[in-house]
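A.B. asks: Got a structure for you, written out below as structure tokens; questions coming shortly.
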Amino acid sequence: MTLSPLQVDLIKGDIRQNGIELKDLQDDLLDHICCILEYEGNDNSPFDEVYERIKHQFFPDGYREIQEQTNYLITQKYNTMKKVMNVIGIGSSAVLMLGSIMKIQSLPAANELILLGAIGLTLGYLPMLLILTLKQSDMLLSKIRNVSGFLGAESFIVGVLFQVLHLPGGQELLFLGIGIVLMIFLPLLFKSAGADALTKLQPATISVLLLAIVSTFFAFSNKKTTHGYRDSLLSVNANLESSIDSKMARLATLRKNVEAPNLTSSAQEVISYVDALKEYIVLQVDPTSKSKKLNEGNVTMEGVDLRDVMIDNKANHQFNGHELYDKLVRFKKELSTIEPQVNSILLDMKDKDKWLQEKFNNAYDTNGLYSIYCLLSQIQLEVASLEIEALSNKN
Amino acid sequence: MYSKELLKGTLTTIILKLLSHNGKMYGYEITQRVKILSDDKILIKEGSLYPALHKLKDDGLVKTDEEMIGNRVRKYYSLTDKGKLSTEKKVNELHQFIGTLQNILTDKPSLA
């Protein structure tokens with residue numbers, strides 16, 4: 001049988017359509033099947049019929065199988081790399097997810113774990129996966145597919161990371177990643193591999209994919225709760241501070257009329273100390289803050305572990321829990337000389353360590369920071385109220 | 001016709017030997033040559049020939065020259081210097097293997 005150029009092109013198209021992506025392999029198979037047709041094809045039958053028959057006779061498993069087999073043999077020498085890649089991939093995803101769960105529970109070191117997992121995926125697993133898949137195809141579309149999958153996954157994971165760490169641009173990166181995957185990667189994946197696209201994915205790839213998706217879900221849900229909690233704490237604090245303002249105005253007149261210098265100085269010392277401490281906290285989380293008050297803008301706490309500062313005085317900061325405690329004890333002592341029966345649950349100062357643990361032990365993440373801030377306002381309000389009460393009674 | 005399992009380990013050696021004997025060959029030619037030499041007893045499947053050829057090329061044992069036949073490309077495979085050395089080794093190994101197999105199958109201890 002003699003083949004016309006058109007018929008050769010038809011076969012070429014069929015070979016490409018059926019998933020042979022290596023250019024060399026396409027040429028080989030095209031020449032091979034043309035040879036069979038030319039030497040063994042029956043001249044009398046129509047071309048389509050002969051081609052289909054020969055295709056099934058010589059390639060019973062389809063062309064795609066040859067591509068798979070070739071990929072397998074050629075990437076055999078990368079087997080160690082594949083194993084390392086899969087271990088890194090699954091390990092990083094697991095660490096990422098563990099970090100996300102711990103983040104929700106507000107446990108320490110959650111952010112470090114998330115960072116570690118994200119680094120493993122973005123700098124370890126994904127680049128290796130890209131290198132391996134690029135070796136398996138010469139087709140431009142496949143290269144676009146693999147690179148788009150890589151970029152999509154990279155920005156997706158970095159987006160998750162930013163989101164969890166409350167860095168700006170996280171949401172944009174997430175949407176960019178999802179967009180690239182949905183608009184470019186998935187259509188090309190289904191086009192090249194047909195309906196069985198998903199079954200062609202490696203089990204390891206699927207696990208990594210699933211874990212990454214679950215982590216994102218956590219990242220989102222975490223963001224939501226964080227915001228709700230933080231918003232309510234912010235409004236509580238705003239109320240407390242406006243109460244403090246009015247109490248302080250009341251105190252200013254009372255102090256002029258009633259003389260109790262020791263009580264007034266010990267109370268004022270606590271209030272001023274806490275004021276300075278609150279300002280210090282705000283400047284730690286947001287050095288650019290002009291109002292020096294806690295607000296929506298002070299999102300993350302960086303570089304300072306408030307719990308260690310308050311309880312253990314670890315960093316030997318100018319402020320610490322012990323000093324605050326001592327000042328409060330002095331205030332209570334002065335208060336009891338004037339008002340022996342006044343009692344305060346908040347200022348139940350019997351055991352220093354217990355009191356510090358109770359008040360400041362959860363102060364290691366953003367939410368803890370906000371609640372500590374509220375607590376400090378509460379202490380100020382309590383001290384001011386107690387002084388007012390004492391002075392009024394004395395009057 | 002021999003079973004696929006028997007051919008599996010020898011396919012690469014068969015291809016290398018044919019190339020060292022005939023200089024340069026293209027895929028279809030290799031299958032036909034094996035068919036004739038083996039009296040139709042060994043039929044190389046397209047599904048194993050091309051993956052094997054590409055693996056050999058990737059390993060640097062064979063190289064290709066392209067020639068246009070009408071509007072399609074024909075790729076002639078030939079041995080590289082590294083491939084020639086490897087062929088010699090592999091053919092010797094296969095000869096020894098056949099001898100060893102012979103001993104086992106006839107259950108006669110080798111004189112050597």
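Identifiers for the structure tokens are assigned positionally: chains receive A, B, ... in sequence, residues are indexed from 1 per chain, and ligands are indexed from 1 in the order shown.
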Would you kindly return, as a JSON list (two decimals) with C-alpha atoms, in the first residue's frame, each protein, DNA or RNA residue with an atom no farther than 10 Å from any atom of Lys57 of chain B, considering only C-alpha atoms and excluding same-chain residues fewer than 2 positions away?
C.D. replies:
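What ended up in part_0.json:
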[["chain", "number", "residue", "atom", "x", "y", "z"],
["A", 74, "ILE", "CA", 14.17, 6.55, 31.33],
["B", 51, "PRO", "CA", 11.05, 1.98, 25.16],
["B", 52, "ALA", "CA", 14.24, -0.12, 25.09],
["B", 53, "LEU", "CA", 15.75, 1.94, 22.24],
["B", 54, "HIS", "CA", 14.98, 5.20, 23.99],
["B", 55, "LYS", "CA", 16.46, 3.90, 27.21],
["B", 59, "ASP", "CA", 22.10, 5.97, 28.55],
["B", 60, "GLY", "CA", 24.35, 7.05, 25.69],
["B", 61, "LEU", "CA", 24.83, 3.59, 24.17],
["B", 62, "VAL", "CA", 23.16, 4.39, 20.84],
["B", 63, "LYS", "CA", 22.75, 7.54, 18.77],
["B", 64, "THR", "CA", 20.31, 8.46, 16.01],
["B", 77, "TYR", "CA", 19.96, 3.89, 15.32],
["B", 78, "SER", "CA", 23.68, 3.11, 15.57],
["B", 79, "LEU", "CA", 26.13, 2.32, 18.36],
["B", 80, "THR", "CA", 28.23, 4.95, 20.09],
["B", 83, "GLY", "CA", 27.73, 1.27, 23.13]]
A.B. asks: Select residues of chain B: the criterion is any atom within 12 Å of an atom of chain A, counting only C-alpha atoms; output as an NGL selection string.
C.D. replies: :B and (25-32 or 43-60 or 63-77)
A.B. asks: Keeping only N, CA and C atoms, write the selected residues to a file as a CSV table (one decimal), in the first residue's frame.
C.D. replies:
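File selection_21.csv, as written:
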chain,number,residue,atom,x,y,z
B,25,MET,N,20.4,0.9,11.8
B,25,MET,CA,19.1,0.3,11.5
B,25,MET,C,18.0,1.2,12.0
B,26,TYR,N,16.8,1.1,11.4
B,26,TYR,CA,15.6,1.8,12.0
B,26,TYR,C,14.7,0.7,12.6
B,27,GLY,N,13.7,1.2,13.4
B,27,GLY,CA,12.9,0.3,14.2
B,27,GLY,C,12.3,-0.8,13.5
B,28,TYR,N,11.6,-0.5,12.5
B,28,TYR,CA,10.9,-1.6,11.8
B,28,TYR,C,11.8,-2.6,11.3
B,29,GLU,N,13.0,-2.1,10.8
B,29,GLU,CA,14.0,-3.0,10.2
B,29,GLU,C,14.5,-4.0,11.3
B,30,ILE,N,14.7,-3.5,12.5
B,30,ILE,CA,15.1,-4.4,13.6
B,30,ILE,C,14.1,-5.5,13.9
B,31,THR,N,12.8,-5.2,13.9
B,31,THR,CA,11.8,-6.2,14.2
B,31,THR,C,11.9,-7.3,13.1
B,32,GLN,N,12.0,-6.8,11.8
B,32,GLN,CA,12.0,-7.7,10.7
B,32,GLN,C,13.2,-8.6,10.7
B,43,LEU,N,9.5,-12.7,18.1
B,43,LEU,CA,8.9,-11.5,17.5
B,43,LEU,C,9.0,-10.4,18.6
B,44,ILE,N,9.7,-9.3,18.2
B,44,ILE,CA,9.9,-8.2,19.1
B,44,ILE,C,8.7,-7.3,19.0
B,45,LYS,N,8.0,-7.1,20.2
B,45,LYS,CA,6.8,-6.2,20.2
B,45,LYS,C,7.2,-4.8,20.1
B,46,GLU,N,6.5,-4.0,19.4
B,46,GLU,CA,6.7,-2.6,19.2
B,46,GLU,C,6.7,-1.9,20.6
B,47,GLY,N,5.8,-2.5,21.5
B,47,GLY,CA,5.6,-1.9,22.8
B,47,GLY,C,6.9,-2.1,23.7
B,48,SER,N,7.8,-3.0,23.3
B,48,SER,CA,9.0,-3.1,24.2
B,48,SER,C,10.2,-2.6,23.4
B,49,LEU,N,10.2,-2.7,22.1
B,49,LEU,CA,11.3,-2.2,21.3
B,49,LEU,C,11.6,-0.7,21.5
B,50,TYR,N,10.6,0.1,21.3
B,50,TYR,CA,10.9,1.6,21.4
B,50,TYR,C,11.3,2.1,22.8
B,51,PRO,N,10.6,1.6,23.8
B,51,PRO,CA,11.0,2.0,25.2
B,51,PRO,C,12.5,1.6,25.4
B,52,ALA,N,12.9,0.4,24.9
B,52,ALA,CA,14.2,-0.1,25.1
B,52,ALA,C,15.2,0.7,24.3
B,53,LEU,N,14.9,1.1,23.1
B,53,LEU,CA,15.7,1.9,22.2
B,53,LEU,C,16.0,3.3,22.9
B,54,HIS,N,14.9,3.9,23.4
B,54,HIS,CA,15.0,5.2,24.0
B,54,HIS,C,15.8,5.2,25.3
B,55,LYS,N,15.7,4.1,26.0
B,55,LYS,CA,16.5,3.9,27.2
B,55,LYS,C,18.0,3.8,26.8
B,56,LEU,N,18.3,3.0,25.8
B,56,LEU,CA,19.6,2.9,25.3
B,56,LEU,C,20.2,4.3,24.9
B,57,LYS,N,19.3,5.1,24.2
B,57,LYS,CA,19.8,6.4,23.8
B,57,LYS,C,20.0,7.3,25.0
B,58,ASP,N,19.1,7.2,25.9
B,58,ASP,CA,19.2,8.0,27.1
B,58,ASP,C,20.5,7.7,27.9
B,59,ASP,N,20.9,6.4,27.9
B,59,ASP,CA,22.1,6.0,28.6
B,59,ASP,C,23.4,6.2,27.8
B,60,GLY,N,23.2,6.7,26.5
B,60,GLY,CA,24.3,7.1,25.7
B,60,GLY,C,25.0,5.9,25.0
B,63,LYS,N,23.1,6.2,19.2
B,63,LYS,CA,22.7,7.5,18.8
B,63,LYS,C,21.9,7.4,17.5
B,64,THR,N,21.2,8.5,17.2
B,64,THR,CA,20.3,8.5,16.0
B,64,THR,C,20.7,9.5,14.9
B,65,ASP,N,20.4,9.1,13.7
B,65,ASP,CA,20.5,10.0,12.5
B,65,ASP,C,19.2,10.0,11.9
B,66,GLU,N,18.8,11.2,11.5
B,66,GLU,CA,17.4,11.3,10.9
B,66,GLU,C,17.5,11.5,9.4
B,67,GLU,N,16.5,10.9,8.8
B,67,GLU,CA,16.4,11.0,7.3
B,67,GLU,C,15.0,11.2,7.0
B,68,MET,N,14.7,12.1,6.0
B,68,MET,CA,13.3,12.3,5.6
B,68,MET,C,12.9,11.3,4.6
B,69,ILE,N,11.8,10.6,4.9
B,69,ILE,CA,11.1,9.7,3.9
B,69,ILE,C,9.8,10.3,3.6
B,70,GLY,N,9.7,10.9,2.4
B,70,GLY,CA,8.5,11.6,2.1
B,70,GLY,C,8.3,12.7,3.1
B,71,ASN,N,7.1,12.8,3.8
B,71,ASN,CA,7.0,13.8,4.8
B,71,ASN,C,7.1,13.3,6.2
B,72,ARG,N,7.8,12.1,6.4
B,72,ARG,CA,8.0,11.7,7.8
B,72,ARG,C,9.5,11.5,8.0
B,73,VAL,N,9.8,11.4,9.3
B,73,VAL,CA,11.2,11.3,9.7
B,73,VAL,C,11.5,9.8,9.9
B,74,ARG,N,12.6,9.3,9.4
B,74,ARG,CA,13.0,8.0,9.8
B,74,ARG,C,14.3,8.1,10.6
B,75,LYS,N,14.3,7.4,11.8
B,75,LYS,CA,15.5,7.5,12.6
B,75,LYS,C,16.3,6.3,12.6
B,76,TYR,N,17.5,6.4,12.2
B,76,TYR,CA,18.5,5.3,12.1
B,76,TYR,C,19.2,5.2,13.4
B,77,TYR,N,19.2,4.1,14.1
B,77,TYR,CA,20.0,3.9,15.3
B,77,TYR,C,21.3,3.3,15.0
A.B. asks: Out of segment 38-84 of chain B, which residues get strand (DSSP E or B) from DSSP, as a ChimeraX atom specification?
C.D. replies: /B:62-69,72-79
A.B. asks: With N, CA and C atoms kept, could you save the residues just selected as a PDB file, in the first residue's frame?
C.D. replies:
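Okay, result07.pdb is ready:
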ATOM      1  N   VAL B  62      23.436   4.252  22.275  1.00  0.00           N
ATOM      2  CA  VAL B  62      23.161   4.391  20.839  1.00  0.00           C
ATOM      3  C   VAL B  62      22.901   5.854  20.517  1.00  0.00           C
ATOM      4  N   LYS B  63      23.075   6.188  19.207  1.00  0.00           N
ATOM      5  CA  LYS B  63      22.749   7.543  18.770  1.00  0.00           C
ATOM      6  C   LYS B  63      21.850   7.436  17.541  1.00  0.00           C
ATOM      7  N   THR B  64      21.229   8.529  17.157  1.00  0.00           N
ATOM      8  CA  THR B  64      20.313   8.460  16.008  1.00  0.00           C
ATOM      9  C   THR B  64      20.712   9.451  14.919  1.00  0.00           C
ATOM     10  N   ASP B  65      20.431   9.053  13.668  1.00  0.00           N
ATOM     11  CA  ASP B  65      20.549   9.970  12.532  1.00  0.00           C
ATOM     12  C   ASP B  65      19.184  10.024  11.877  1.00  0.00           C
ATOM     13  N   GLU B  66      18.768  11.220  11.512  1.00  0.00           N
ATOM     14  CA  GLU B  66      17.432  11.346  10.922  1.00  0.00           C
ATOM     15  C   GLU B  66      17.510  11.465   9.415  1.00  0.00           C
ATOM     16  N   GLU B  67      16.488  10.898   8.777  1.00  0.00           N
ATOM     17  CA  GLU B  67      16.416  10.982   7.324  1.00  0.00           C
ATOM     18  C   GLU B  67      14.952  11.192   6.955  1.00  0.00           C
ATOM     19  N   MET B  68      14.684  12.078   6.010  1.00  0.00           N
ATOM     20  CA  MET B  68      13.295  12.306   5.634  1.00  0.00           C
ATOM     21  C   MET B  68      12.870  11.261   4.607  1.00  0.00           C
ATOM     22  N   ILE B  69      11.759  10.572   4.903  1.00  0.00           N
ATOM     23  CA  ILE B  69      11.148   9.657   3.939  1.00  0.00           C
ATOM     24  C   ILE B  69       9.803  10.273   3.603  1.00  0.00           C
ATOM     25  N   ARG B  72       7.779  12.147   6.391  1.00  0.00           N
ATOM     26  CA  ARG B  72       7.987  11.664   7.754  1.00  0.00           C
ATOM     27  C   ARG B  72       9.478  11.464   8.015  1.00  0.00           C
ATOM     28  N   VAL B  73       9.814  11.424   9.274  1.00  0.00           N
ATOM     29  CA  VAL B  73      11.217  11.289   9.661  1.00  0.00           C
ATOM     30  C   VAL B  73      11.509   9.825   9.949  1.00  0.00           C
ATOM     31  N   ARG B  74      12.625   9.323   9.410  1.00  0.00           N
ATOM     32  CA  ARG B  74      13.049   7.974   9.790  1.00  0.00           C
ATOM     33  C   ARG B  74      14.307   8.111  10.632  1.00  0.00           C
ATOM     34  N   LYS B  75      14.301   7.424  11.764  1.00  0.00           N
ATOM     35  CA  LYS B  75      15.456   7.533  12.648  1.00  0.00           C
ATOM     36  C   LYS B  75      16.285   6.258  12.588  1.00  0.00           C
ATOM     37  N   TYR B  76      17.534   6.423  12.176  1.00  0.00           N
ATOM     38  CA  TYR B  76      18.453   5.278  12.141  1.00  0.00           C
ATOM     39  C   TYR B  76      19.231   5.225  13.438  1.00  0.00           C
ATOM     40  N   TYR B  77      19.215   4.070  14.070  1.00  0.00           N
ATOM     41  CA  TYR B  77      19.955   3.889  15.319  1.00  0.00           C
ATOM     42  C   TYR B  77      21.299   3.254  15.029  1.00  0.00           C
ATOM     43  N   SER B  78      22.367   3.754  15.694  1.00  0.00           N
ATOM     44  CA  SER B  78      23.683   3.115  15.567  1.00  0.00           C
ATOM     45  C   SER B  78      24.411   3.202  16.905  1.00  0.00           C
ATOM     46  N   LEU B  79      25.444   2.381  17.062  1.00  0.00           N
ATOM     47  CA  LEU B  79      26.132   2.321  18.359  1.00  0.00           C
ATOM     48  C   LEU B  79      27.082   3.496  18.545  1.00  0.00           C
TER      49      LEU B  79
END
A.B. asks: Please measure the separation of atom CA of Pro187 of chain A and atom CA of Ile90 of chain A, giving the value in Å to one decimal.
C.D. replies: 25.6 Å
A.B. asks: To one decimal in Å, tell me the separation between atom CA of Lys8 of chain B and atom CA of Leu94 of chain B.
C.D. replies: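 Taking atom CA of Lys8 of chain B and atom CA of Leu94 of chain B, their separation equals 12.7 Å.
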A.B. asks: Need the shell around Glu88 of chain B: protein/DNA/RNA residues with any atom at most 10 Å away, counting only C-alpha atoms. Skip same-chain ones fewer than 4 positions apart. Format as a list of chain:residue names?
C.D. replies: B:Thr13, B:Leu16, B:Lys17, B:Ser20, B:Gly83, B:Lys84, B:Asn92, B:Glu93
A.B. asks: Based on the selection just made, write N, CA and C atoms of those residues as a CSV table (one decimal), in the first residue's frame.
C.D. replies:
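Listing of out-v7.csv after writing:
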chain,number,residue,atom,x,y,z
B,13,THR,N,20.4,-6.8,24.7
B,13,THR,CA,21.6,-7.4,24.1
B,13,THR,C,21.3,-7.7,22.6
B,16,LEU,N,21.5,-4.5,20.6
B,16,LEU,CA,22.9,-4.0,20.5
B,16,LEU,C,23.7,-4.8,19.5
B,17,LYS,N,23.5,-6.1,19.6
B,17,LYS,CA,24.3,-7.0,18.7
B,17,LYS,C,23.9,-6.8,17.3
B,20,SER,N,25.5,-3.6,16.1
B,20,SER,CA,27.0,-3.7,15.9
B,20,SER,C,27.3,-4.5,14.6
B,83,GLY,N,28.6,2.4,23.5
B,83,GLY,CA,27.7,1.3,23.1
B,83,GLY,C,28.5,0.0,22.6
B,84,LYS,N,29.6,0.3,21.8
B,84,LYS,CA,30.3,-0.8,21.3
B,84,LYS,C,31.0,-1.6,22.4
B,92,ASN,N,29.1,-11.3,25.7
B,92,ASN,CA,29.8,-12.3,26.4
B,92,ASN,C,29.1,-12.8,27.6
B,93,GLU,N,28.4,-11.9,28.3
B,93,GLU,CA,27.7,-12.2,29.5
B,93,GLU,C,26.5,-13.2,29.1
